[in-house]
Amino acid sequence: MENRIKELTSNAELLIANASDLNAINEVRVRFLGKSGELTAVLKGMRDVPVEQKPMIGKIVNEARDIITAMVEDKLAALTASSINSKLQSESIDITLSSKKCKKGGLHPCSIVVNEILNIFTNLGFQVKQGPEVETDFFNFQALNIPLDHPAREMQDTFYITDDLLLRTHTSPVQARTMMDSQPPIRIVNPGKVYRPDDDATHSPMFQQIEGLVVDKGITLCDLKGILETFAKTLFNEKTKTRLRPSFFPFTEPSVEVDVTCAVCGGKGCRICKGTGWIEILGAGIINPKVLDNCGIDSTIYSGFAFGFGIERITMIKYGVPDMRILFDNDNRFLKQFN
Ligand code: PHE
């Protein structure tokens, strides 16, 4: 028995020394120490050992098991380390190779302008709200004091889907929706796409607007002018001046058109401002009390102002883009200048 164990141990030692990979060492482990392994078989044979020899043989078997286990573990550790090392060597990266040029994407100039404008207004305490692009005639026109067959509809040529559904012609329906489901104080800006069947150098059938709306007690035209002046100075530059000219919108009374001094020539007159020094940027006004009443806000207590402008137009003014269609061409030579 004793010899058998010695032989077994030296066999194991040889096999362990020769095991060249993790599979081989595992096989050795199973062969000697596994459930039906050779050493386990010897242990099972202990039953037949005469009682007086049992302690001595038992000790030898246990020692042999410890020795084989330790050898297996050492070899396992050595093989694992060498397999990691060889992997590290074969998978090494040559960091001296020049890298592939990675082209970075960027935001469209209109998106840059939208983000900038939303930033300005949220800093002034406005909330951002959005509404559906497919609108009902009611929210796009009637709630805003433009009844069916009213001549003011001519100001905004419209894509109709059905008699009652249309592609919104401006972002103003969001102001009606907001007033209908909340009470003052209201201070929102709503960016989004709008649609009108126009297509030339300064008009596109799809364009973007941002509308602003403030409703509270005691709101006047002075508040509107103050907000728009702050806005224009932040968006263009500190020297930008603002002027209001009388205009007409059915949903505001009085209505104004707002001009800013030309950001390109600073007001001296140039090609962009057609020599006038001023550029019209938006429409605005004090909300017509009829609109407040239509939307469930008591016009004897509250007043408000609204303004709306086109993003493409502002982008053209800010960056001196001569033709609106360039903004929709997706020409990389143009787009890349903004990133
Ligand atoms: N909704 C108007 C337009 O698209 C702009 C506007 C908004 C004017 C709010 C006044 C007040 O032409």
# chains A, B, ... in the order shown; residues from 1 in each chain; ligands from 1
$ residues_near_ligand --ligand "ligand 1" --cutoff "9 Å" --atoms "only C-alpha atoms and all ligand atoms" --output "number ranges by chain"
A: 155-156, 169-173, 175, 194, 209-213, 248-252, 255-257, 282-287, 305-310
$ select_by_dssp --residues "region 139-337 of chain A" --states "alpha helix (DSSP H)" --output "PyMOL selection string"
chain A and resi 139-140+172-181+221-235+289-294+311-319+332-335
$ closest_residue --among "A:Asp66, A:Glu38, A:Asp74, A:Glu7" --to "Leu22 (chain A)" --atoms "only C-alpha atoms"
A:Asp74
$ select_by_dssp --residues "region 68-316 of chain A" --states "strand (DSSP E)" --output "tab-separated table (two decimals) with C-alpha atoms, in the first residue's frame"
chain	number	residue	atom	x	y	z
A	127	GLN	CA	-40.34	77.41	-19.20
A	128	VAL	CA	-40.04	75.46	-22.47
A	134	VAL	CA	-50.74	68.63	-36.76
A	135	GLU	CA	-53.19	71.08	-35.22
A	136	THR	CA	-56.89	71.73	-35.19
A	165	LEU	CA	-57.00	69.53	-39.26
A	166	LEU	CA	-53.96	71.34	-40.61
A	167	LEU	CA	-50.19	71.61	-40.33
A	186	ILE	CA	-47.45	82.01	-17.26
A	187	ARG	CA	-43.99	82.48	-18.72
A	188	ILE	CA	-43.21	80.08	-21.58
A	189	VAL	CA	-41.25	79.75	-24.79
A	190	ASN	CA	-42.29	77.19	-27.38
A	191	PRO	CA	-39.93	76.11	-30.13
A	192	GLY	CA	-41.03	73.92	-33.03
A	193	LYS	CA	-41.56	73.30	-36.72
A	194	VAL	CA	-44.26	75.14	-38.63
A	195	TYR	CA	-45.52	74.86	-42.21
A	206	MET	CA	-41.15	73.96	-43.32
A	207	PHE	CA	-39.40	76.29	-40.93
A	208	GLN	CA	-38.96	76.69	-37.21
A	209	GLN	CA	-40.34	79.28	-34.86
A	210	ILE	CA	-40.02	80.15	-31.23
A	211	GLU	CA	-42.94	81.82	-29.59
A	212	GLY	CA	-42.85	83.47	-26.20
A	213	LEU	CA	-45.79	84.14	-23.91
A	214	VAL	CA	-46.08	85.97	-20.60
A	215	VAL	CA	-49.40	86.38	-18.76
A	216	ASP	CA	-49.69	87.96	-15.33
A	242	THR	CA	-34.20	97.43	-30.53
A	243	ARG	CA	-37.13	99.38	-31.99
A	244	LEU	CA	-40.84	98.65	-32.18
A	245	ARG	CA	-42.96	99.53	-35.21
A	246	PRO	CA	-46.76	99.35	-35.24
A	247	SER	CA	-48.15	96.27	-36.98
A	248	PHE	CA	-51.18	93.99	-37.01
A	249	PHE	CA	-51.83	90.48	-35.71
A	252	THR	CA	-52.34	90.88	-30.25
A	253	GLU	CA	-53.50	94.47	-29.71
A	254	PRO	CA	-51.50	96.63	-30.04
A	255	SER	CA	-49.21	94.64	-32.32
A	256	VAL	CA	-45.64	95.47	-33.17
A	257	GLU	CA	-42.89	94.41	-35.48
A	258	VAL	CA	-39.51	94.40	-33.81
A	259	ASP	CA	-36.29	95.49	-35.52
A	260	VAL	CA	-32.74	95.23	-34.22
A	261	THR	CA	-29.70	97.17	-35.39
A	278	TRP	CA	-32.10	97.83	-39.13
A	279	ILE	CA	-33.32	94.26	-39.51
A	280	GLU	CA	-36.81	93.02	-38.68
A	281	ILE	CA	-36.61	89.94	-36.45
A	282	LEU	CA	-40.03	89.24	-35.01
A	283	GLY	CA	-43.70	89.97	-34.50
A	284	ALA	CA	-45.13	90.66	-31.06
A	285	GLY	CA	-47.76	92.50	-29.08
A	286	ILE	CA	-50.03	92.72	-26.10
A	287	ILE	CA	-52.35	89.72	-26.11
A	303	SER	CA	-52.78	90.93	-19.30
A	304	GLY	CA	-49.86	89.55	-21.26
A	305	PHE	CA	-47.57	89.77	-24.22
A	306	ALA	CA	-46.52	87.34	-26.91
A	307	PHE	CA	-43.79	87.34	-29.49
A	308	GLY	CA	-42.80	84.97	-32.25
A	309	PHE	CA	-39.86	84.68	-34.59
A	310	GLY	CA	-38.43	82.42	-37.25
$ residues_around --residues "Met179 (chain A)" --least-positions-apart "6" --cutoff "8 Å" --atoms "only C-alpha atoms" --output "list in words"
Ile186, Leu292, Cys295, Gly296 and Ile297 of chain A
$ atom_distance --atom1 "CA of Lys318 (chain A)" --atom2 "CA of Ile112 (chain A)"
11.1 Å
$ atom_distance --atom1 "CA of Glu116 (chain A)" --atom2 "CA of Leu235 (chain A)"
7.4 Å
$ closest_residue --among "A:Ile93, A:Ala17, A:Met46, A:Ile161" --to "Ile60 (chain A)" --atoms "only C-alpha atoms"
A:Met46
$ atom_distance --atom1 "CA of Arg153 (chain A)" --atom2 "CA of Arg168 (chain A)"
12.3 Å
